[in-house]
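Asker: Next up, data_12.cif (mmCIF, C-alpha atoms (C1' of nucleotides)).
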```
data_final
loop_
_atom_site.label_atom_id
_atom_site.label_comp_id
_atom_site.auth_asym_id
_atom_site.auth_seq_id
_atom_site.Cartn_x
_atom_site.Cartn_y
_atom_site.Cartn_z
CA MET B 571 0.00 0.00 0.00
CA VAL B 572 0.32 2.42 0.22
CA LEU B 573 -1.44 2.00 3.27
CA LYS B 574 0.61 0.49 5.78
CA SER B 575 0.46 -3.07 5.71
CA ASN B 576 0.66 -4.32 8.98
CA SER B 577 2.16 -7.34 9.17
CA SER B 578 5.23 -6.17 8.49
CA ASN B 579 6.48 -4.65 11.24
CA SER B 580 9.55 -5.94 11.36
CA GLY B 581 9.93 -5.26 14.41
CA SER B 582 12.31 -3.23 14.42
CA THR B 583 15.36 -2.35 13.47
CA LYS B 584 14.19 0.52 11.62
CA MET B 585 11.32 2.50 12.36
CA PRO B 586 10.99 5.01 10.35
CA THR B 587 11.11 7.88 12.22
CA GLN B 588 8.84 9.33 9.85
CA ASP B 589 8.91 8.51 6.28
CA ASN B 590 11.59 10.89 5.36
CA PHE B 591 11.26 10.78 1.69
CA PHE B 592 7.53 11.22 1.67
CA GLU B 593 7.47 13.77 4.39
CA HIS B 594 10.11 15.68 2.63
CA VAL B 595 8.18 15.72 -0.56
CA TYR B 596 5.03 16.77 1.22
CA GLN B 597 6.71 19.66 2.85
CA VAL B 598 8.16 20.90 -0.35
CA VAL B 599 4.94 20.59 -2.26
CA LYS B 600 2.99 22.24 0.50
CA GLN B 601 5.22 25.23 0.23
CA ILE B 602 4.54 25.86 -3.40
CA PRO B 603 3.13 29.35 -3.54
CA TYR B 604 -0.18 30.17 -5.11
CA GLY B 605 -0.08 30.52 -8.83
CA ARG B 606 3.18 28.64 -9.07
CA VAL B 607 4.11 25.13 -10.08
CA THR B 608 7.10 22.87 -9.94
CA THR B 609 8.28 19.73 -11.62
CA TYR B 610 8.99 16.28 -10.39
CA GLY B 611 12.56 16.57 -11.45
CA ALA B 612 13.07 19.78 -9.54
CA ILE B 613 11.77 18.24 -6.36
CA ALA B 614 13.80 15.11 -6.87
CA GLU B 615 16.87 17.17 -7.32
CA PHE B 616 16.10 19.22 -4.28
CA LEU B 617 15.71 16.08 -2.24
CA GLY B 618 19.05 14.89 -3.42
CA SER B 619 17.71 12.03 -5.45
CA LYS B 620 18.34 13.88 -8.59
CA GLY B 621 17.35 11.84 -11.54
CA SER B 622 14.79 9.83 -9.69
CA SER B 623 11.79 11.90 -10.39
CA ARG B 624 9.80 8.73 -10.21
CA MET B 625 10.17 8.66 -6.51
CA VAL B 626 8.64 12.07 -6.30
CA GLY B 627 5.63 10.95 -8.24
CA TRP B 628 5.51 7.93 -6.02
CA ALA B 629 5.56 10.00 -2.92
CA LEU B 630 2.90 12.22 -4.34
CA ASN B 631 0.80 9.19 -4.82
CA SER B 632 0.71 8.70 -1.10
CA THR B 633 -0.43 12.19 -0.86
CA LYS B 634 -3.97 11.30 -1.44
CA TYR B 635 -3.79 8.73 1.29
CA ASN B 636 -2.49 11.35 3.60
CA LEU B 637 -5.14 13.86 2.86
CA GLU B 638 -3.52 17.06 3.65
CA ASN B 639 -3.21 20.40 2.06
CA ILE B 640 -0.92 19.04 -0.51
CA PRO B 641 -1.44 20.88 -3.77
CA ALA B 642 -0.32 18.02 -5.90
CA HIS B 643 -1.99 19.70 -8.83
CA ARG B 644 0.82 22.20 -8.75
CA VAL B 645 3.31 19.52 -9.57
CA VAL B 646 3.70 18.69 -13.21
CA ASN B 647 6.22 16.93 -15.34
CA ARG B 648 9.05 18.52 -17.18
CA GLN B 649 6.87 19.46 -20.08
CA GLY B 650 4.33 21.11 -17.88
CA LEU B 651 1.97 18.36 -18.81
CA LEU B 652 -0.68 17.50 -16.27
CA THR B 653 0.28 13.90 -16.18
CA GLY B 654 -1.14 13.44 -12.73
CA LYS B 655 -4.60 14.53 -13.68
CA ARG B 656 -5.62 10.97 -14.06
CA HIS B 657 -5.03 10.52 -10.38
CA PHE B 658 -7.41 13.27 -9.61
CA GLY B 659 -10.31 11.26 -10.77
CA GLY B 660 -9.61 11.52 -14.44
CA ASN B 661 -11.61 14.69 -14.62
CA ASP B 662 -10.31 18.14 -15.29
CA THR B 663 -10.05 18.82 -11.62
CA MET B 664 -6.38 19.46 -11.86
CA LYS B 665 -6.74 21.75 -14.80
CA ASN B 666 -9.47 23.67 -13.07
CA LEU B 667 -7.46 24.17 -9.95
CA LEU B 668 -4.52 25.46 -11.88
CA GLU B 669 -6.61 27.75 -13.99
CA SER B 670 -8.24 29.14 -10.90
CA GLU B 671 -4.78 30.12 -9.79
CA GLY B 672 -4.19 32.09 -12.90
CA ILE B 673 -2.28 29.44 -14.77
CA LYS B 674 -3.17 28.90 -18.36
CA ILE B 675 -3.62 25.36 -19.51
CA GLU B 676 -3.79 24.13 -23.03
CA ALA B 677 -4.25 20.56 -24.03
CA ASN B 678 -3.58 19.47 -20.48
CA LYS B 679 -0.38 21.37 -20.57
CA ILE B 680 0.76 24.49 -18.79
CA VAL B 681 1.48 27.40 -21.05
CA HIS B 682 4.76 29.14 -20.43
CA LEU B 683 5.70 26.75 -17.72
CA GLU B 684 8.88 28.66 -17.12
CA SER B 685 6.92 31.67 -16.04
CA TYR B 686 5.19 29.73 -13.29
CA LEU B 687 8.01 27.45 -12.35
CA TRP B 688 8.96 27.60 -8.73
CA ASN B 689 12.16 26.46 -7.16
CA PRO B 690 12.13 24.54 -3.89
CA SER B 691 15.22 26.36 -2.88
CA GLU B 692 13.29 29.56 -2.97
CA GLU B 693 11.15 28.26 -0.27
"C1'" DG A 899 15.39 -12.15 -1.03
"C1'" DA A 900 13.89 -11.38 -5.90
"C1'" DG A 901 10.74 -9.38 -9.08
"C1'" DT A 902 7.38 -5.85 -10.48
"C1'" DT A 903 5.67 -1.18 -10.47
"C1'" DG A 904 5.65 3.87 -10.75
"C1'" DA A 905 1.99 11.12 -10.98
"C1'" DC A 906 9.50 10.96 -14.72
"C1'" DG A 907 13.33 12.14 -17.84
"C1'" DA A 908 16.49 11.88 -21.42
"C1'" DC A 909 18.22 9.35 -25.19
"C1'" DT A 910 17.78 6.22 -29.25
"C1'" DT A 911 15.35 4.01 -33.13
"C1'" DC O 1321 7.62 13.56 -35.22
"C1'" DA O 1322 6.15 9.26 -32.51
"C1'" DA O 1323 7.22 5.30 -30.11
"C1'" DG O 1324 10.34 2.48 -27.70
"C1'" DT O 1325 14.20 1.77 -24.31
"C1'" DC O 1326 17.19 2.52 -20.38
"C1'" DG O 1327 18.19 4.56 -16.12
"C1'" DC O 1328 16.97 6.23 -11.08
"C1'" DC O 1329 15.63 4.64 -6.47
"C1'" DA O 1330 12.26 3.27 -3.22
"C1'" DA O 1331 8.17 0.78 -2.03
"C1'" DC O 1332 5.03 -3.11 -2.70
"C1'" DT O 1333 3.92 -8.11 -3.60
#
```
Starting from the file, give its structure as structure tokens.

Answerer:
Amino acid sequence: MVLKSNSSNSGSTKMPTQDNFFEHVYQVVKQIPYGRVTTYGAIAEFLGSKGSSRMVGWALNSTKYNLENIPAHRVVNRQGLLTGKRHFGGNDTMKNLLESEGIKIEANKIVHLESYLWNPSEE
DNA sequence: GAGTTGACGACTT
DNA sequence: CAAGTCGCCAACT
């Protein structure tokens, strides 16, 4: 799961103090300012796992299980494509949210992504 | 412990 | 220009 499977508790050895990776991603995403977006790659790089943007997407996936104020809709891929929209129910929820923030979307893609791009280090 | 999956990214065919 | 392939790294089965 994404949901914690019990059984596993290994008992020990490592208890995650708190899922670092995920928590880290959450915090970064939560800090994305209104009207701004960021990319998986940027976050991955910021986390130090540069190149493993997949992990970011993975972490984001848990986002919905965590239900928090995580604006996952502000995270898009390198092309500014709303790849994650399918995880929002397959509707245009994501697009709507972004547009309501003043971001222009065209063909499920952010227009002038560079203009909206936000750097985690700016946080 | 090994194999599959994944909201990506960049390169190659 | 579109589709396929490899690479990253961590979690899940």

Asker: Taking all atoms listed in the file into account, produce a table as a Markdown table in which each residue of chain O with an atom at most 10 Å from an atom of chain B appears once, together with its shortest atom pair and the distance in Å to one decimal, ordered by chain and rising number.

Answerer:
```
| residue | atom | partner | partner_atom | distance |
| --- | --- | --- | --- | --- |
| O:DG1327 | C1' | B:Gly621 | CA | 8.6 |
| O:DC1328 | C1' | B:Ser622 | CA | 4.4 |
| O:DC1329 | C1' | B:Ser622 | CA | 6.2 |
| O:DA1330 | C1' | B:Met625 | CA | 6.7 |
| O:DA1331 | C1' | B:Val572 | CA | 8.3 |
| O:DC1332 | C1' | B:Met571 | CA | 6.5 |
| O:DT1333 | C1' | B:Met571 | CA | 9.7 |
```

Asker: Any chance you can output those residues with C-alpha atoms (C1' of nucleotides) as a short mmCIF file (atom, residue, chain, number, x, y, z; two decimals), in the frame of the given file?

Answerer:
```cif
data_model
loop_
_atom_site.label_atom_id
_atom_site.label_comp_id
_atom_site.auth_asym_id
_atom_site.auth_seq_id
_atom_site.Cartn_x
_atom_site.Cartn_y
_atom_site.Cartn_z
"C1'" DG O 1327 18.19 4.56 -16.12
"C1'" DC O 1328 16.97 6.23 -11.08
"C1'" DC O 1329 15.63 4.64 -6.47
"C1'" DA O 1330 12.26 3.27 -3.22
"C1'" DA O 1331 8.17 0.78 -2.03
"C1'" DC O 1332 5.03 -3.11 -2.70
"C1'" DT O 1333 3.92 -8.11 -3.60
#
```

Asker: Taking all atoms listed in the file into account, what are the residues of chain B at most 7 Å from chain A, put as a ChimeraX atom specification?

Answerer: /B:610,623-624,627-628,630-631,647,653-654

Asker: Apply the PyMOL selection byres ((chain B and resi 666-671) around 8) to the file shown and report the selected residues as a list in words.

Answerer: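 That selection, the PyMOL selection byres ((chain B and resi 666-671) around 8), comes back as Tyr604, Gly605, His643, Arg644, Asp662, Thr663, Met664, Lys665, Gly672, Ile673, Lys674 and Ile675 of chain B.
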
Asker: Store the residues of this selection in a file with C-alpha atoms, as a compact mmCIF listing (two decimals), keeping the file's coordinate frame.

Answerer:
```txt
# COMPACT_ATOMS: atom_id res chain seq x y z
CA TYR B 604 -0.18 30.17 -5.11
CA GLY B 605 -0.08 30.52 -8.83
CA HIS B 643 -1.99 19.70 -8.83
CA ARG B 644 0.82 22.20 -8.75
CA ASP B 662 -10.31 18.14 -15.29
CA THR B 663 -10.05 18.82 -11.62
CA MET B 664 -6.38 19.46 -11.86
CA LYS B 665 -6.74 21.75 -14.80
CA GLY B 672 -4.19 32.09 -12.90
CA ILE B 673 -2.28 29.44 -14.77
CA LYS B 674 -3.17 28.90 -18.36
CA ILE B 675 -3.62 25.36 -19.51
```

Asker: Between CA of Glu638 in chain B and CA of Ala612 in chain B, what is the distance, to one decimal in Å?

Answerer: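 These atoms are spaced 21.4 Å apart.
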
Asker: Measure the distance from CA of Pro641 in chain B to CA of Leu617 in chain B in Å and round it to one decimal.

Answerer: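 Separation between CA of Pro641 in chain B and CA of Leu617 in chain B: 17.9 Å.
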
Asker: May I have the residues within 12 Å of Leu687 in chain B as a list in words, using all atoms listed in the file and disregarding those fewer than 5 positions away in the same chain?

Answerer: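 What passes the distance filter is Ile602, Pro603, Tyr604, Gly605, Arg606, Val607, Thr608, Thr609, Tyr610, Gly611, Ala612, Ile613, Arg644, Val645, Val646, Asn647, Arg648, Gln649, Gly650, Ile673, Ile680, Val681, His682 and Glu692 of chain B.
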
Asker: To one decimal place in Å, what is the distance between CA of Ala614 in chain B and CA of Tyr596 in chain B?

Answerer: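 So the two atoms, CA of Ala614 in chain B and CA of Tyr596 in chain B, lie 12.0 Å apart.
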